[in-house]
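Take a look at the structure set out below.
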Amino acid sequence: MTELLRVPHTMTLAWRYGTSWYFAEFIRALRDERRLLGLRCPACRRVYLPPRPVCGNCYAELREWVEVKDSGTIRAFTIVHTPIIDPTSGQLRPTPYGMALIQLDGADTTLNHYLAENDPSQLQIGMRVQAVWRKERSGMLSDIVHFVAMNNEQ
Ligand SMILES: [Zn+2]
């Protein structure tokens with residue numbers, strides 16, 4: 001068996017991520033108020049989270065902010081076994097880990113985020129989950145560490 005050659009190399013890249021008005025407001029509320037804000041379509045009433053400037057159904061411009069809860073329902077999930085470099089930490093993310101498309105309460109779209117659970121036998125579509133927030137927020141989606149199963153059935 002051939003052993004793969006490994007050359008560790010750490011690159012330091014500093015950059016500023018440009019956001020538009022809608023994502024800047026989403027991140028500000030997340031960091032400063034620990035609130036999740038979605039944008040509601042004035043025509044079809046669909047609530048987008050993460051927010052976007054135009055409705056994907058009817059192409060109306062979105063300007064109405066609505067607060068979305070940090071609890072929701074798993075609409076799809078997977079267990080990831082392939083290691084990745086976590087872009088928020090620069091470190092190799094331990095595997096396996098759970099990821100899910102979560103429809104937060106009050107939103108009509110899903111948010112892709114990590115799950116605390118990584119055993120697929122403990123997960124199911126329709127399962128209720130709750131966000132676990134970091135104590136110190138920096139204005140990134142990683143201000144939510146992951147989602148955990150809610151104990152009470154709703
Ligand atoms: Zn619409």
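We name chains A, B, ... following the order of the structure tokens; residues begin at 1 in each chain, and ligands are numbered from 1 as shown.
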
Ser142 (chain A) surroundings by only C-alpha atoms, 12 Å radius, close-in-sequence under 5 positions cut, as a CSV table (one decimal) with N, CA and C atoms, in the first residue's frame:
```csv
chain,number,residue,atom,x,y,z
A,27,ILE,N,-26.8,39.7,10.0
A,27,ILE,CA,-25.6,39.5,10.8
A,27,ILE,C,-25.6,40.4,12.0
A,30,LEU,N,-28.0,39.1,14.6
A,30,LEU,CA,-27.5,37.9,15.1
A,30,LEU,C,-26.4,38.2,16.2
A,31,ARG,N,-25.5,39.0,15.9
A,31,ARG,CA,-24.4,39.4,16.8
A,31,ARG,C,-24.9,40.2,18.0
A,86,ASP,N,-12.8,23.5,8.6
A,86,ASP,CA,-13.9,24.4,9.0
A,86,ASP,C,-13.5,25.8,8.7
A,87,PRO,N,-14.2,26.4,7.8
A,87,PRO,CA,-13.9,27.8,7.4
A,87,PRO,C,-13.9,28.8,8.5
A,88,THR,N,-14.7,28.5,9.6
A,88,THR,CA,-14.8,29.5,10.6
A,88,THR,C,-13.7,29.4,11.6
A,89,SER,N,-13.0,28.2,11.6
A,89,SER,CA,-11.9,28.0,12.6
A,89,SER,C,-10.5,27.8,12.0
A,112,ASN,N,-29.1,25.6,6.5
A,112,ASN,CA,-28.1,24.5,6.6
A,112,ASN,C,-27.2,24.7,7.8
A,113,HIS,N,-27.3,23.8,8.8
A,113,HIS,CA,-26.4,24.0,10.0
A,113,HIS,C,-26.1,22.6,10.6
A,114,TYR,N,-25.1,22.7,11.5
A,114,TYR,CA,-24.6,21.5,12.2
A,114,TYR,C,-25.6,21.0,13.2
A,131,ALA,N,-31.5,25.7,18.7
A,131,ALA,CA,-30.1,26.2,18.6
A,131,ALA,C,-29.4,26.3,19.9
A,132,VAL,N,-28.1,26.0,19.9
A,132,VAL,CA,-27.2,26.3,21.0
A,132,VAL,C,-26.3,27.4,20.6
A,133,TRP,N,-26.4,28.6,21.3
A,133,TRP,CA,-25.7,29.8,20.9
A,133,TRP,C,-24.3,29.8,21.7
A,134,ARG,N,-23.4,30.5,21.0
A,134,ARG,CA,-22.1,30.8,21.7
A,134,ARG,C,-22.4,31.9,22.7
A,135,LYS,N,-21.6,32.0,23.8
A,135,LYS,CA,-21.7,33.1,24.7
A,135,LYS,C,-21.2,34.4,24.1
A,136,GLU,N,-20.1,34.3,23.4
A,136,GLU,CA,-19.5,35.4,22.7
A,136,GLU,C,-19.9,35.3,21.2
A,137,ARG,N,-20.6,36.3,20.7
A,137,ARG,CA,-21.0,36.2,19.3
A,137,ARG,C,-20.2,37.2,18.5
A,147,PHE,N,-27.4,22.6,16.5
A,147,PHE,CA,-28.7,22.4,17.0
A,147,PHE,C,-28.8,21.0,17.7
```

Per residue of chain A within 7 Å of ligand 1, note the shortest atom pair and the distance in Å to one decimal, counting only C-alpha atoms and all ligand atoms, and order the rows by chain and increasing residue number, as CSV.
```
residue,atom,partner,partner_atom_place_in_ligand_line,distance
A:Cys41,CA,ligand 1,1 (Zn),4.6
A:Pro42,CA,ligand 1,1 (Zn),6.6
A:Ala43,CA,ligand 1,1 (Zn),5.0
A:Cys44,CA,ligand 1,1 (Zn),4.0
A:Arg45,CA,ligand 1,1 (Zn),6.1
A:Arg46,CA,ligand 1,1 (Zn),5.8
A:Cys55,CA,ligand 1,1 (Zn),4.6
A:Gly56,CA,ligand 1,1 (Zn),6.6
A:Asn57,CA,ligand 1,1 (Zn),5.0
A:Cys58,CA,ligand 1,1 (Zn),4.4
A:Tyr59,CA,ligand 1,1 (Zn),6.2
A:Ala60,CA,ligand 1,1 (Zn),5.7
```

Output C-alpha atoms for every residue in the selection just made, as an mmCIF file, in the first residue's frame.
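As a result, part.cif now contains:
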```
data_model
loop_
_atom_site.group_PDB
_atom_site.id
_atom_site.type_symbol
_atom_site.label_atom_id
_atom_site.label_comp_id
_atom_site.auth_asym_id
_atom_site.auth_seq_id
_atom_site.Cartn_x
_atom_site.Cartn_y
_atom_site.Cartn_z
ATOM 1 C CA CYS A 41 -42.345 38.596 0.633
ATOM 2 C CA PRO A 42 -45.072 41.273 0.310
ATOM 3 C CA ALA A 43 -46.852 39.248 -2.378
ATOM 4 C CA CYS A 44 -46.801 35.554 -1.381
ATOM 5 C CA ARG A 45 -45.920 36.108 2.342
ATOM 6 C CA ARG A 46 -43.091 33.551 2.173
ATOM 7 C CA CYS A 55 -38.584 36.315 -3.674
ATOM 8 C CA GLY A 56 -37.750 33.115 -5.534
ATOM 9 C CA ASN A 57 -41.456 32.453 -6.183
ATOM 10 C CA CYS A 58 -42.805 35.765 -7.450
ATOM 11 C CA TYR A 59 -39.687 37.966 -7.852
ATOM 12 C CA ALA A 60 -41.026 40.672 -5.540
#
```

Quiz prompt | Surrounding residues of Tyr17 (chain A) excluding itself and chain neighbours under 4 positions, 12 Å, only C-alpha atoms, as a list in words | solution =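 My list of contacting residues is Phe23, Ala24, Ile27, Gly139 and Met140 of chain A.
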
Exercise. Mind listing the strand (DSSP E or B) residues of region 61-143 of chain A, per DSSP on the backbone, as a PyMOL selection string?
Key: chain A and resi 61+64-68+71-80+85+92+97-104+111-115+128-133

Quiz item: Thr109 (chain A): which residues within 8 Å, counting only C-alpha atoms, same-chain residues fewer than 6 positions away excluded, as a VMD selection string?
Solution: chain A and resid 47 to 50 103

Quiz item: Between A:Phe26, A:Tyr97, A:Trp21, A:Trp15, which is the closest to Phe77 (chain A) once you count only C-alpha atoms?
Solution: A:Tyr97
